[in-house]
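Next comes run26.txt, a file with compact mmCIF, C-alpha atoms and all ligand atoms.
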# COMPACT_ATOMS: atom_id res chain seq x y z
CA MET N 29 0.00 0.00 0.00
CA LYS N 30 1.44 3.38 -1.04
CA LYS N 31 1.87 5.97 1.70
CA ILE N 32 0.17 9.34 1.32
CA ILE N 33 1.58 12.11 3.49
CA LEU N 34 -0.23 15.44 3.70
CA ASN N 35 2.12 18.32 4.54
CA HIS N 36 0.02 21.34 5.46
CA LYS N 37 3.12 23.46 6.08
CA MET N 38 2.13 26.64 8.02
CA ASN N 39 -1.44 26.82 6.76
CA LEU N 40 -5.10 26.46 7.82
CA THR N 41 -7.04 27.96 10.72
CA VAL N 42 -8.51 25.89 13.52
CA SER N 43 -11.99 25.96 11.98
CA GLU N 44 -10.56 24.80 8.65
CA ILE N 45 -8.79 21.98 10.52
CA VAL N 46 -12.10 20.88 12.08
CA ASN N 47 -13.57 20.74 8.59
CA HIS N 48 -10.55 18.78 7.24
CA ILE N 49 -10.82 16.24 10.06
CA ASP N 50 -14.49 15.73 9.33
CA LYS N 51 -14.01 15.33 5.57
CA LEU N 52 -10.85 13.21 5.76
CA GLN N 53 -12.53 10.84 8.21
CA SER N 54 -15.34 10.23 5.78
CA LEU N 55 -12.79 9.24 3.11
CA LYS N 56 -11.71 6.33 5.35
CA LYS N 57 -8.23 6.03 3.81
CA ASP N 58 -4.87 5.44 5.41
CA ILE N 59 -3.10 8.76 5.31
CA ILE N 60 -0.47 10.44 7.43
CA VAL N 61 -1.23 14.07 8.24
CA CYS N 62 1.53 16.56 9.01
CA PRO N 63 -0.40 19.60 10.23
CA SER N 64 0.98 22.68 11.95
CA SER N 65 2.25 21.14 15.18
CA ILE N 66 -0.30 23.09 17.26
CA TYR N 67 -3.07 21.03 15.62
CA SER N 68 -1.40 17.62 16.07
CA LYS N 69 -3.51 16.53 19.02
CA MET N 70 -6.76 17.30 17.20
CA PHE N 71 -5.79 14.79 14.51
CA ILE N 72 -4.44 12.24 17.00
CA ASP N 73 -7.64 12.37 19.07
CA ASN N 74 -9.61 11.68 15.91
CA GLY N 75 -7.63 8.54 15.08
CA PHE N 76 -5.25 9.84 12.42
CA SER N 77 -1.59 8.91 12.00
CA VAL N 78 0.22 12.16 12.61
CA GLY N 79 3.64 13.38 11.58
CA LEU N 80 5.35 16.58 12.64
CA GLN N 81 6.95 18.82 10.02
CA ASN N 82 10.01 19.24 12.22
CA VAL N 83 11.45 18.40 15.65
CA TYR N 84 14.45 19.66 17.57
CA CYS N 85 17.54 17.58 18.40
CA GLU N 86 17.06 17.75 22.18
CA ASN N 87 14.32 16.33 24.39
CA GLU N 88 13.87 19.25 26.78
CA GLY N 89 15.42 22.44 28.07
CA ALA N 90 15.88 26.12 27.30
CA PHE N 91 15.09 26.01 23.57
CA THR N 92 12.27 28.56 23.25
CA GLY N 93 9.95 27.80 20.38
CA GLU N 94 11.38 24.39 19.48
CA ILE N 95 9.45 21.10 19.33
CA SER N 96 10.60 18.24 21.55
CA PRO N 97 10.69 14.73 20.03
CA TYR N 98 10.15 13.34 23.53
CA GLN N 99 6.98 15.39 24.03
CA ALA N 100 5.85 14.52 20.51
CA ASN N 101 6.13 10.81 21.23
CA LYS N 102 4.22 11.17 24.52
CA LEU N 103 1.46 13.00 22.64
CA GLY N 104 1.03 10.12 20.19
CA VAL N 105 2.88 11.53 17.19
CA GLU N 106 4.19 8.69 14.97
CA TYR N 107 6.21 10.31 12.19
CA VAL N 108 8.43 13.30 11.62
CA LEU N 109 9.63 15.01 8.45
CA ILE N 110 13.32 15.83 8.76
CA GLY N 111 15.37 17.84 6.29
CA HIS N 112 12.56 19.37 4.29
CA SER N 113 14.13 21.75 1.75
CA GLU N 114 12.31 24.72 3.30
CA ARG N 115 13.92 23.90 6.66
CA ARG N 116 17.31 23.41 5.03
CA LYS N 117 17.08 26.70 3.12
CA LEU N 118 15.19 29.04 5.46
CA PHE N 119 16.49 27.70 8.77
CA GLY N 120 19.97 26.50 7.77
CA GLU N 121 19.34 23.01 9.10
CA ASP N 122 21.76 20.90 7.08
CA LYS N 123 24.22 20.67 9.95
CA ILE N 124 21.83 19.31 12.58
CA ILE N 125 19.82 16.86 10.48
CA ASN N 126 21.87 13.86 11.64
CA LYS N 127 21.43 14.88 15.31
CA LYS N 128 17.71 15.39 14.80
CA ILE N 129 17.32 11.95 13.24
CA LYS N 130 19.14 10.25 16.11
CA LYS N 131 17.11 12.06 18.75
CA ALA N 132 13.82 11.37 16.97
CA LEU N 133 14.70 7.67 16.64
CA GLU N 134 15.59 7.52 20.36
CA ASN N 135 12.01 8.66 20.94
CA ASN N 136 10.53 6.02 18.64
CA LEU N 137 9.42 8.47 15.96
CA LYS N 138 9.45 7.18 12.38
CA ILE N 139 11.61 9.36 10.17
CA ILE N 140 10.72 10.68 6.73
CA LEU N 141 14.00 12.14 5.52
CA CYS N 142 13.50 14.71 2.74
CA VAL N 143 16.22 14.97 0.11
CA GLY N 144 16.50 16.50 -3.33
CA GLU N 145 18.68 18.55 -5.62
CA GLY N 146 18.23 22.16 -6.69
CA LYS N 147 17.96 23.32 -10.30
CA GLY N 148 21.19 22.75 -12.22
CA GLU N 149 22.73 20.60 -9.48
CA ASN N 150 23.92 17.06 -10.13
CA ALA N 151 21.07 15.04 -8.61
CA LYS N 152 23.10 11.95 -7.73
CA GLU N 153 25.92 13.92 -6.11
CA VAL N 154 23.45 15.88 -3.97
CA LEU N 155 21.46 12.78 -3.04
CA TYR N 156 24.58 10.86 -2.08
CA LYS N 157 25.82 13.69 0.12
CA GLN N 158 22.47 14.43 1.77
CA ILE N 159 21.71 10.77 2.50
CA THR N 160 25.16 9.75 3.77
CA THR N 161 25.47 12.89 5.95
CA ALA N 162 21.98 12.56 7.40
CA LEU N 163 22.34 8.84 8.11
CA ALA N 164 25.92 8.72 9.44
CA ASP N 165 25.97 6.19 12.32
CA VAL N 166 22.21 5.67 12.03
CA ASP N 167 21.32 2.02 12.22
CA ALA N 168 17.54 2.08 11.77
CA ASN N 169 15.01 2.14 9.01
CA VAL N 170 14.30 5.62 7.67
CA ILE N 171 11.79 6.46 4.92
CA ILE N 172 13.11 8.78 2.21
CA ALA N 173 11.04 11.49 0.49
CA TYR N 174 12.65 12.49 -2.79
CA GLU N 175 11.68 16.09 -3.49
CA PRO N 176 13.59 17.93 -6.22
CA VAL N 177 13.65 21.48 -4.80
CA TYR N 178 12.60 23.12 -8.06
CA SER N 179 9.53 20.84 -8.28
CA ILE N 180 8.14 22.02 -4.94
CA GLY N 181 5.16 24.27 -5.56
CA THR N 182 6.13 24.94 -9.19
CA GLY N 183 4.55 22.24 -11.37
CA ASP N 184 8.03 21.46 -12.78
CA LEU N 185 8.20 17.68 -13.23
CA SER N 186 11.08 17.72 -15.70
CA ASN N 187 13.29 15.63 -13.45
CA ASP N 188 14.08 11.95 -14.13
CA ILE N 189 12.22 10.83 -11.03
CA GLU N 190 12.42 7.10 -11.73
CA ASP N 191 16.17 7.10 -12.31
CA ASN N 192 16.88 9.21 -9.22
CA ILE N 193 14.68 7.03 -7.03
CA ASN N 194 16.48 3.94 -8.34
CA TYR N 195 19.72 5.62 -7.34
CA ILE N 196 18.39 6.33 -3.82
CA LYS N 197 17.30 2.69 -3.54
CA SER N 198 20.80 1.59 -4.55
CA LEU N 199 22.15 3.55 -1.56
CA ILE N 200 19.55 2.50 0.99
CA ASP N 201 17.05 -0.31 1.05
CA THR N 202 13.88 1.47 2.09
CA GLU N 203 10.58 2.98 0.97
CA VAL N 204 11.03 6.07 -1.20
CA LEU N 205 8.23 8.58 -1.56
CA TYR N 206 8.04 11.34 -4.16
CA GLY N 207 7.12 14.95 -3.37
CA GLY N 208 6.92 18.11 -5.46
CA SER N 209 3.80 19.41 -7.25
CA VAL N 210 1.74 16.30 -6.54
CA ASN N 211 -1.87 17.22 -7.30
CA SER N 212 -5.02 15.76 -8.81
CA LYS N 213 -3.63 16.19 -12.34
CA SER N 214 0.05 15.25 -11.96
CA ILE N 215 -0.80 12.19 -9.87
CA VAL N 216 -2.13 10.34 -12.92
CA GLN N 217 1.35 10.35 -14.51
CA LEU N 218 3.30 10.08 -11.26
CA ASN N 219 1.34 7.05 -10.11
CA LYS N 220 2.56 5.15 -13.19
CA ILE N 221 6.19 5.37 -12.05
CA ASN N 222 6.79 1.91 -10.65
CA ASN N 223 9.43 2.53 -8.02
CA ILE N 224 7.54 5.26 -6.08
CA ASP N 225 6.27 3.90 -2.74
CA GLY N 226 4.08 6.87 -1.88
CA PHE N 227 3.61 10.62 -2.16
CA LEU N 228 4.29 13.69 -0.06
CA VAL N 229 1.64 16.26 -0.92
CA GLY N 230 2.12 19.95 -0.05
CA SER N 231 -0.14 22.67 -1.48
CA ALA N 232 -2.74 20.23 -2.79
CA SER N 233 -3.18 18.85 0.75
CA LEU N 234 -4.95 22.11 1.68
CA SER N 235 -7.90 21.23 -0.56
CA ILE N 236 -10.12 18.30 0.39
CA ASP N 237 -11.24 18.05 -3.21
CA GLU N 238 -7.62 17.66 -4.36
CA VAL N 239 -6.87 15.10 -1.63
CA THR N 240 -9.98 13.11 -2.55
CA LYS N 241 -8.95 12.95 -6.21
CA ILE N 242 -5.35 12.02 -5.38
CA LEU N 243 -6.54 9.20 -3.15
CA GLU N 244 -8.91 7.95 -5.86
CA VAL N 245 -5.94 7.53 -8.21
CA VAL N 246 -3.47 6.05 -5.71
CA CYS N 247 -5.55 3.86 -3.38
P1 LIG I 301 4.11 20.90 -3.08
O1 LIG I 301 5.04 20.73 -1.79
O2 LIG I 301 3.23 19.69 -3.15
O3 LIG I 301 3.35 22.17 -2.82
O4 LIG I 301 5.00 21.01 -4.26
C1 LIG I 301 5.61 19.51 -1.46
C2 LIG I 301 6.45 19.63 -0.23
O5 LIG I 301 7.01 20.71 0.02
O6 LIG I 301 6.59 18.66 0.53
Translate this structure into structure tokens?
Ligand code: PGA
Amino acid sequence: MKKIILNHKMNLTVSEIVNHIDKLQSLKKDIIVCPSSIYSKMFIDNGFSVGLQNVYCENEGAFTGEISPYQANKLGVEYVLIGHSERRKLFGEDKIINKKIKKALENNLKIILCVGEGKGENAKEVLYKQITTALADVDANVIIAYEPVYSIGTGDLSNDIEDNINYIKSLIDTEVLYGGSVNSKSIVQLNKINNIDGFLVGSASLSIDEVTKILEVVC
């Protein structure tokens, strides 16, 4: 069964979340929701598998504004996205990704490690570096989300997704998801690529109509 991860990023009001919970429940499909962390418990209490969009690399202490993997686990969070390109770019996270992964694993969170090259970069070189750096001394299963940076939010699907996912699978034996402009239209083509084990959906996850159509194609 292919995994579908909904990444709301920093969007939706609490009343919109109530509506999403209601509508997504009626779809009765296995999905993993990554809402703004402040809404996590609402999804957990309604029986959803929840992922955070980020956690910090310490369990507790004087880290104002950060999210504790220990607290997340106690709340019932199951997954965490680590290394999303927006976190790498806007928050300079490359250096602490390995520490974050280790701390999240210590707290029994399942990792979805986001990797992907920028426009004009050599995909395989970037993927090799990001994966080996992130997983140095990590001896546990980690899911990979392959997200070419220039495909995120742009509709640009020019990348050789199948070839790059094969390369990732030659480095690490795990599930590889694809993310970047997945929507009700692109999913028809993307779902034909054989080596994709699931999808990470950003902007389209904000529309129940889009999510419904994506699920109809994939599940
Ligand atoms: P997108 O975002 O679906 O809006 O391209 C994907 C992501 O950032 O994970």
> Using all atoms listed in the file, which protein or nucleic acid residues are at most 7 Å from ligand LIG 301 (chain I), as a list in words?
Replying inline: Asn35, Glu175, Ser179, Ile180, Gly181, Thr182, Gly207, Gly208, Ser209, Val210, Leu228, Val229, Gly230, Ser231 and Ala232 of chain N
>> From the options N:Gly75, N:Gly146, N:Pro176, N:Gly120, which residue's atoms come nearest to N:Val105, counting only C-alpha atoms?
In response: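 Looking at the shortest contact to N:Val105, the residue is N:Gly75.
Candidate residues N:Ile172, N:Thr240, N:Gly104, N:Lys213 were compared for distance to N:Asp225, and the nearest is N:Ile172, using only C-alpha atoms.
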>> Quick check, in Å to one decimal: how far apart do atom CA of N:Ser233 and atom CA of N:Pro97 lie?
In response: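 It comes out at 24.1 Å.
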> What does the distance from atom CA of N:Asp58 to atom CA of N:Leu34 come to in Å, to one decimal?
Replying inline: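 Distance reported for this atom pair: 11.2 Å.
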>> Using only C-alpha atoms, can you tell me which of N:Lys220, N:Asp188, N:Leu52, N:Tyr84 comes closest to N:Asn150?
In response: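 The answer is N:Asp188, which sits nearest to N:Asn150.
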> Counting all atoms listed in the file, which of N:Ser113, N:Asn101, N:Asn223, N:Thr92 gets nearest to N:Asn192?
Replying inline: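 Of N:Ser113, N:Asn101, N:Asn223, N:Thr92, the one nearest N:Asn192 is N:Asn223, counting all atoms listed in the file.
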> Which of these, N:Glu203, N:Glu134, N:Glu238, N:Glu88, has the shortest distance to N:Val166 once you count all atoms listed in the file?
Replying inline: N:Glu134
> Do you know which residues are at most 9 Å from stretch 43-48 of chain N counting all atoms listed in the file, after dropping those on the same chain fewer than 2 positions away, and could you put them as a PyMOL selection string?
Replying inline: chain N and resi 40-41+50-53+63+67+70-71+234-236
> Which value, in Å to one decimal, gives the distance between atom CA of N:Ile171 and atom CA of N:Val216?
Replying inline: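 Taking atom CA of N:Ile171 and atom CA of N:Val216, their separation equals 23.0 Å.
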> Which residue, N:Leu199, N:Met29, N:Ile139, N:Leu243, has the smallest gap to N:Leu155 when you use only C-alpha atoms?
Replying inline: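 Ranking N:Leu199, N:Met29, N:Ile139, N:Leu243 by distance to N:Leu155, first place goes to N:Leu199.
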Got a minute to add N, CA, C and O atoms to stretch 135-148 of chain N and dump it as a CSV table (one decimal), in the coordinates of the input?
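Output (part03.csv):
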chain,number,residue,atom,x,y,z
N,135,ASN,N,13.4,8.5,20.4
N,135,ASN,CA,12.0,8.7,20.9
N,135,ASN,C,11.0,7.9,20.1
N,135,ASN,O,9.8,8.3,20.1
N,136,ASN,N,11.4,6.9,19.4
N,136,ASN,CA,10.5,6.0,18.6
N,136,ASN,C,9.7,6.7,17.6
N,136,ASN,O,8.6,6.3,17.3
N,137,LEU,N,10.1,7.8,17.1
N,137,LEU,CA,9.4,8.5,16.0
N,137,LEU,C,9.9,7.9,14.7
N,137,LEU,O,11.1,7.5,14.5
N,138,LYS,N,9.0,7.7,13.7
N,138,LYS,CA,9.4,7.2,12.4
N,138,LYS,C,9.9,8.4,11.5
N,138,LYS,O,9.1,9.4,11.4
N,139,ILE,N,11.0,8.2,10.9
N,139,ILE,CA,11.6,9.4,10.2
N,139,ILE,C,11.2,9.3,8.7
N,139,ILE,O,11.3,8.3,8.0
N,140,ILE,N,10.8,10.5,8.2
N,140,ILE,CA,10.7,10.7,6.7
N,140,ILE,C,11.8,11.7,6.4
N,140,ILE,O,11.6,12.9,6.7
N,141,LEU,N,12.9,11.2,5.8
N,141,LEU,CA,14.0,12.1,5.5
N,141,LEU,C,13.8,12.7,4.1
N,141,LEU,O,13.7,12.0,3.1
N,142,CYS,N,13.7,14.1,4.0
N,142,CYS,CA,13.5,14.7,2.7
N,142,CYS,C,14.8,15.1,2.1
N,142,CYS,O,15.7,15.6,2.8
N,143,VAL,N,15.0,14.7,0.9
N,143,VAL,CA,16.2,15.0,0.1
N,143,VAL,C,15.8,15.4,-1.3
N,143,VAL,O,14.7,15.1,-1.8
N,144,GLY,N,16.8,16.1,-1.9
N,144,GLY,CA,16.5,16.5,-3.3
N,144,GLY,C,17.4,17.6,-3.8
N,144,GLY,O,17.9,18.4,-3.0
N,145,GLU,N,17.7,17.6,-5.1
N,145,GLU,CA,18.7,18.6,-5.6
N,145,GLU,C,18.0,19.8,-6.0
N,145,GLU,O,16.8,19.8,-6.3
N,146,GLY,N,18.7,20.9,-6.1
N,146,GLY,CA,18.2,22.2,-6.7
N,146,GLY,C,18.4,22.2,-8.2
N,146,GLY,O,19.1,21.3,-8.8
N,147,LYS,N,17.8,23.2,-8.8
N,147,LYS,CA,18.0,23.3,-10.3
N,147,LYS,C,19.4,23.4,-10.7
N,147,LYS,O,20.2,24.1,-10.1
N,148,GLY,N,19.8,22.7,-11.7
N,148,GLY,CA,21.2,22.8,-12.2
N,148,GLY,C,22.2,21.9,-11.4
N,148,GLY,O,23.4,21.8,-11.8
